[in-house]
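Enquirer: Okay, here's the structure, questions in a sec.
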Amino acid sequence: AAAEGEAEGGRRGRSRRPRGGGSEEGGGGAEEAEEALDEPAVGEEEALAPSRPDARPTLSSLEAAAQCSPLELRAALQRWRAVEVAGRWCCLDPQYEADCVECLLALAVEQEWPLHAVPVPAAVEALAAQFDEATVRHCLRSHSTAAAAPWEEWLAAAASDEVALEPRAICTFRARVLLLETEAWPKDAFDEAWADGVPRGIEPSDADLDGLAVLLPPDGRAAKGAPLTVRALSAEAMPPDAAARFSVLWSLKPSWAMRELGPYLLDIVAPGSSAEALVLQHARCVTASDGSRSYVERK
């Protein structure tokens with residue numbers, strides 16, 4: 001029953017951001033900073049001008065709270081898509097962020113802006129009645145090539161006059177929206193809706209589902225030729241403890257390839273270790289006649 005509950009929580013993916021990872025095996029150690037960012041979230045009612053701005057943490061207070069290095073904390077803030085406003089940090093409400101990105105994509109198509117050169121001031125002006133400037137700039141940065149840039153470059157990107165949207169980030173965003181609407185899709189139907197939901201010229205790939213969903217046969221077993229189902233499984237909502245996390249994974253299907261497991265382990269792999277080393281603590285490797293390897297629960 002516990003595994004079923006964990007699996008359900010993982011599929012729903014309602015967490016605001018990825019968990020900090022504080023398992024015995026290692027991880028970012030940023031759970032305290034994550035909790036400090038939890039309230040108040042930025043939503044439509046207050047936008048980025050909260051009634052109690054001092055309730056949000058500064059970078060210094062996050063560094064004091066987090067049991068990780070400043071470098072790891074900064075990487076976590078980028079991964080969480082956190083935003084700095086007047087020297088304090090917070091995260092956008094997921095629905096508010098999704099609404100803004102939806103409007104930005106629709107605007108880019110309407111204005112025929114090249115995705116590699118979106119004019120930020122024009123986007124800010126066009127959406128001024130719905131979203132404040134900081135929100136628009138942040139959403140553009142979070143879905144641009146700057147999202148994975150070094151810290152200082154990432155910070156500076158919020159003030160850029162032009163951004164290059166990242167096709168893979170757009171595909172991931174669209175997939176996340178579809179999976180929030182329906183947690184399980186027939187693969188063919190999902191692929192069709194997914195392709196229809198991204199701008200022309202962008203082709204979604206199964207790799208864009210990493211950390212968002214898994215592909216499962218209807219009975220949860222890897223039977224050849226069985227029609228696949230795309231089922232939501234958000235890495236953001238996985239338990240921070242490695243044993244509990246593997247319990248969720250085993251409850252969905254008994255055998256996993258390493259490439260499938262990897263996205264769900266990134267934040268709990270100890271520094272200097274590897275995902276495979278962590279997997280082998282909780283699973284055993286099975287080698288098929290064709291040489292392919294899979295991992296099953298260690299009992």
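Following the order of the structure tokens, chains are lettered A, B, ..., residues in each are numbered from 1, and ligands are numbered from 1.
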To test your reading of the structure, identify every residue in segment 262-294 of chain A that backbone DSSP assigns to alpha helix (DSSP H), and report it as an MDAnalysis selection string.
Expert: chainID A and resid 275:282
Enquirer: I need the chosen residues saved as a compact mmCIF listing (two decimals), in the first residue's frame, with all heavy atoms.
Expert:
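Dumped everything to again39.txt:
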# COMPACT_ATOMS: atom_id res chain seq x y z
N ALA A 275 25.37 7.13 -11.17
CA ALA A 275 24.01 6.58 -11.08
C ALA A 275 24.06 5.05 -11.04
O ALA A 275 23.30 4.42 -10.31
CB ALA A 275 23.18 7.07 -12.25
N GLU A 276 24.94 4.46 -11.83
CA GLU A 276 25.02 2.99 -11.86
C GLU A 276 25.42 2.43 -10.51
O GLU A 276 24.89 1.41 -10.06
CB GLU A 276 26.00 2.54 -12.93
CG GLU A 276 26.02 1.02 -13.10
CD GLU A 276 26.78 0.56 -14.32
OE1 GLU A 276 27.47 1.39 -14.94
OE2 GLU A 276 26.68 -0.63 -14.66
N ALA A 277 26.37 3.09 -9.83
CA ALA A 277 26.77 2.62 -8.50
C ALA A 277 25.60 2.68 -7.52
O ALA A 277 25.41 1.76 -6.71
CB ALA A 277 27.93 3.47 -7.99
N LEU A 278 24.81 3.73 -7.61
CA LEU A 278 23.64 3.84 -6.73
C LEU A 278 22.61 2.77 -7.08
O LEU A 278 22.03 2.14 -6.18
CB LEU A 278 23.03 5.23 -6.87
CG LEU A 278 21.73 5.49 -6.10
CD1 LEU A 278 21.92 5.26 -4.61
CD2 LEU A 278 21.23 6.91 -6.37
N VAL A 279 22.37 2.55 -8.36
CA VAL A 279 21.40 1.54 -8.79
C VAL A 279 21.79 0.17 -8.26
O VAL A 279 20.93 -0.59 -7.78
CB VAL A 279 21.29 1.52 -10.33
CG1 VAL A 279 20.50 0.29 -10.79
CG2 VAL A 279 20.63 2.79 -10.84
N LEU A 280 23.07 -0.16 -8.32
CA LEU A 280 23.52 -1.49 -7.91
C LEU A 280 23.40 -1.71 -6.40
O LEU A 280 23.47 -2.85 -5.94
CB LEU A 280 24.95 -1.73 -8.37
CG LEU A 280 25.10 -1.90 -9.89
CD1 LEU A 280 26.56 -2.01 -10.27
CD2 LEU A 280 24.31 -3.12 -10.38
N GLN A 281 23.20 -0.64 -5.63
CA GLN A 281 22.92 -0.81 -4.20
C GLN A 281 21.49 -1.26 -3.96
O GLN A 281 21.17 -1.80 -2.91
CB GLN A 281 23.16 0.51 -3.47
CG GLN A 281 24.60 0.98 -3.47
CD GLN A 281 24.76 2.32 -2.76
OE1 GLN A 281 24.02 2.63 -1.81
NE2 GLN A 281 25.71 3.12 -3.19
N HIS A 282 20.62 -1.03 -4.94
CA HIS A 282 19.20 -1.31 -4.76
C HIS A 282 18.64 -2.27 -5.81
O HIS A 282 17.47 -2.62 -5.76
CB HIS A 282 18.40 0.00 -4.83
CG HIS A 282 18.78 0.98 -3.77
ND1 HIS A 282 18.15 1.03 -2.54
CD2 HIS A 282 19.73 1.94 -3.74
CE1 HIS A 282 18.71 1.99 -1.81
NE2 HIS A 282 19.65 2.56 -2.52
Enquirer: Show which residues sit within 12 Å of Val177 of chain A, as a PyMOL selection string. Count only C-alpha atoms, and ignore same-chain residues fewer than 2 positions away.
Expert: chain A and resi 12-14+94-95+97-99+101-102+170-175+179-183+190+193-194+197-198+209+212-213+232
Enquirer: With C-alpha atoms kept, could you save the residues just selected as a PDB file, in the first residue's frame?
Expert:
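Saved file out-v5.pdb follows:
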ATOM      1  CA  ARG A  12       0.829  13.440  -9.984  1.00  0.00           C
ATOM      2  CA  GLY A  13       3.954  15.594 -10.060  1.00  0.00           C
ATOM      3  CA  ARG A  14       2.516  18.421  -7.984  1.00  0.00           C
ATOM      4  CA  PRO A  94       3.321  26.203 -11.395  1.00  0.00           C
ATOM      5  CA  GLN A  95      -0.002  27.170 -12.997  1.00  0.00           C
ATOM      6  CA  GLU A  97       4.239  29.941 -14.820  1.00  0.00           C
ATOM      7  CA  ALA A  98       2.504  27.591 -17.278  1.00  0.00           C
ATOM      8  CA  ASP A  99      -0.032  30.291 -18.206  1.00  0.00           C
ATOM      9  CA  VAL A 101       4.744  30.338 -21.047  1.00  0.00           C
ATOM     10  CA  GLU A 102       1.596  29.407 -22.983  1.00  0.00           C
ATOM     11  CA  ILE A 170       9.632  23.910 -25.094  1.00  0.00           C
ATOM     12  CA  CYS A 171       8.955  20.224 -25.771  1.00  0.00           C
ATOM     13  CA  THR A 172       9.399  19.396 -22.097  1.00  0.00           C
ATOM     14  CA  PHE A 173       7.049  22.215 -21.108  1.00  0.00           C
ATOM     15  CA  ARG A 174       4.364  21.026 -23.527  1.00  0.00           C
ATOM     16  CA  ALA A 175       4.707  17.433 -22.329  1.00  0.00           C
ATOM     17  CA  LEU A 179       0.566  15.094 -18.407  1.00  0.00           C
ATOM     18  CA  LEU A 180      -1.064  17.451 -15.911  1.00  0.00           C
ATOM     19  CA  GLU A 181      -4.257  17.261 -17.964  1.00  0.00           C
ATOM     20  CA  THR A 182      -4.195  13.451 -18.141  1.00  0.00           C
ATOM     21  CA  GLU A 183      -1.750  11.250 -16.239  1.00  0.00           C
ATOM     22  CA  PHE A 190       0.136  11.566 -26.742  1.00  0.00           C
ATOM     23  CA  ALA A 193      -1.174  16.025 -29.149  1.00  0.00           C
ATOM     24  CA  TRP A 194       2.448  16.755 -28.269  1.00  0.00           C
ATOM     25  CA  GLY A 197       1.253  21.732 -29.240  1.00  0.00           C
ATOM     26  CA  VAL A 198       4.748  22.937 -30.163  1.00  0.00           C
ATOM     27  CA  LEU A 209      10.123  12.996 -21.363  1.00  0.00           C
ATOM     28  CA  LEU A 212       8.487  13.586 -16.576  1.00  0.00           C
ATOM     29  CA  ALA A 213       7.054  10.263 -17.693  1.00  0.00           C
ATOM     30  CA  ALA A 232       3.331  10.684 -15.748  1.00  0.00           C
TER      31      ALA A 232
END
Enquirer: Select from segment 102-196 of chain A everything DSSP, run on the backbone, classes as strand (DSSP E or B), then give the selection as a PyMOL selection string.
Expert: chain A and resi 118-119+144+162-163+165+184-186
Enquirer: Could you list, as a list in words, every residue within 12 Å of Gly262 of chain A, counting only C-alpha atoms and ignoring same-chain residues fewer than 4 positions away?
Expert: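 What passes the distance filter is Ala207, Asp210, Gly211, Val214, Ala235, Phe246, Leu249, Trp256, Ala257, Met258, Leu266, Asp267, Ile268, Val269, Ser274, Ala275, Glu276, Ala277, Leu278, Val279 and Tyr295 of chain A.
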Enquirer: For segment 225-231 of chain A, please output as number ranges by chain all residues within 8 Å (counting only C-alpha atoms; exclusion window: fewer than 2 positions along the same chain).
Expert: A: 11, 179, 183-187, 190, 213-218, 222-223, 233
Enquirer: Name the closest residue to Ala149 of chain A among the candidates A:Ala75, A:Val109, A:Ala195, A:Ala189; distances are taken between atoms, counting only C-alpha atoms.
Expert: A:Ala75
Enquirer: Report, in Å with one decimal, the straight-line distance from atom CA of Ala169 of chain A to atom CA of Glu110 of chain A.
Expert: 19.8 Å
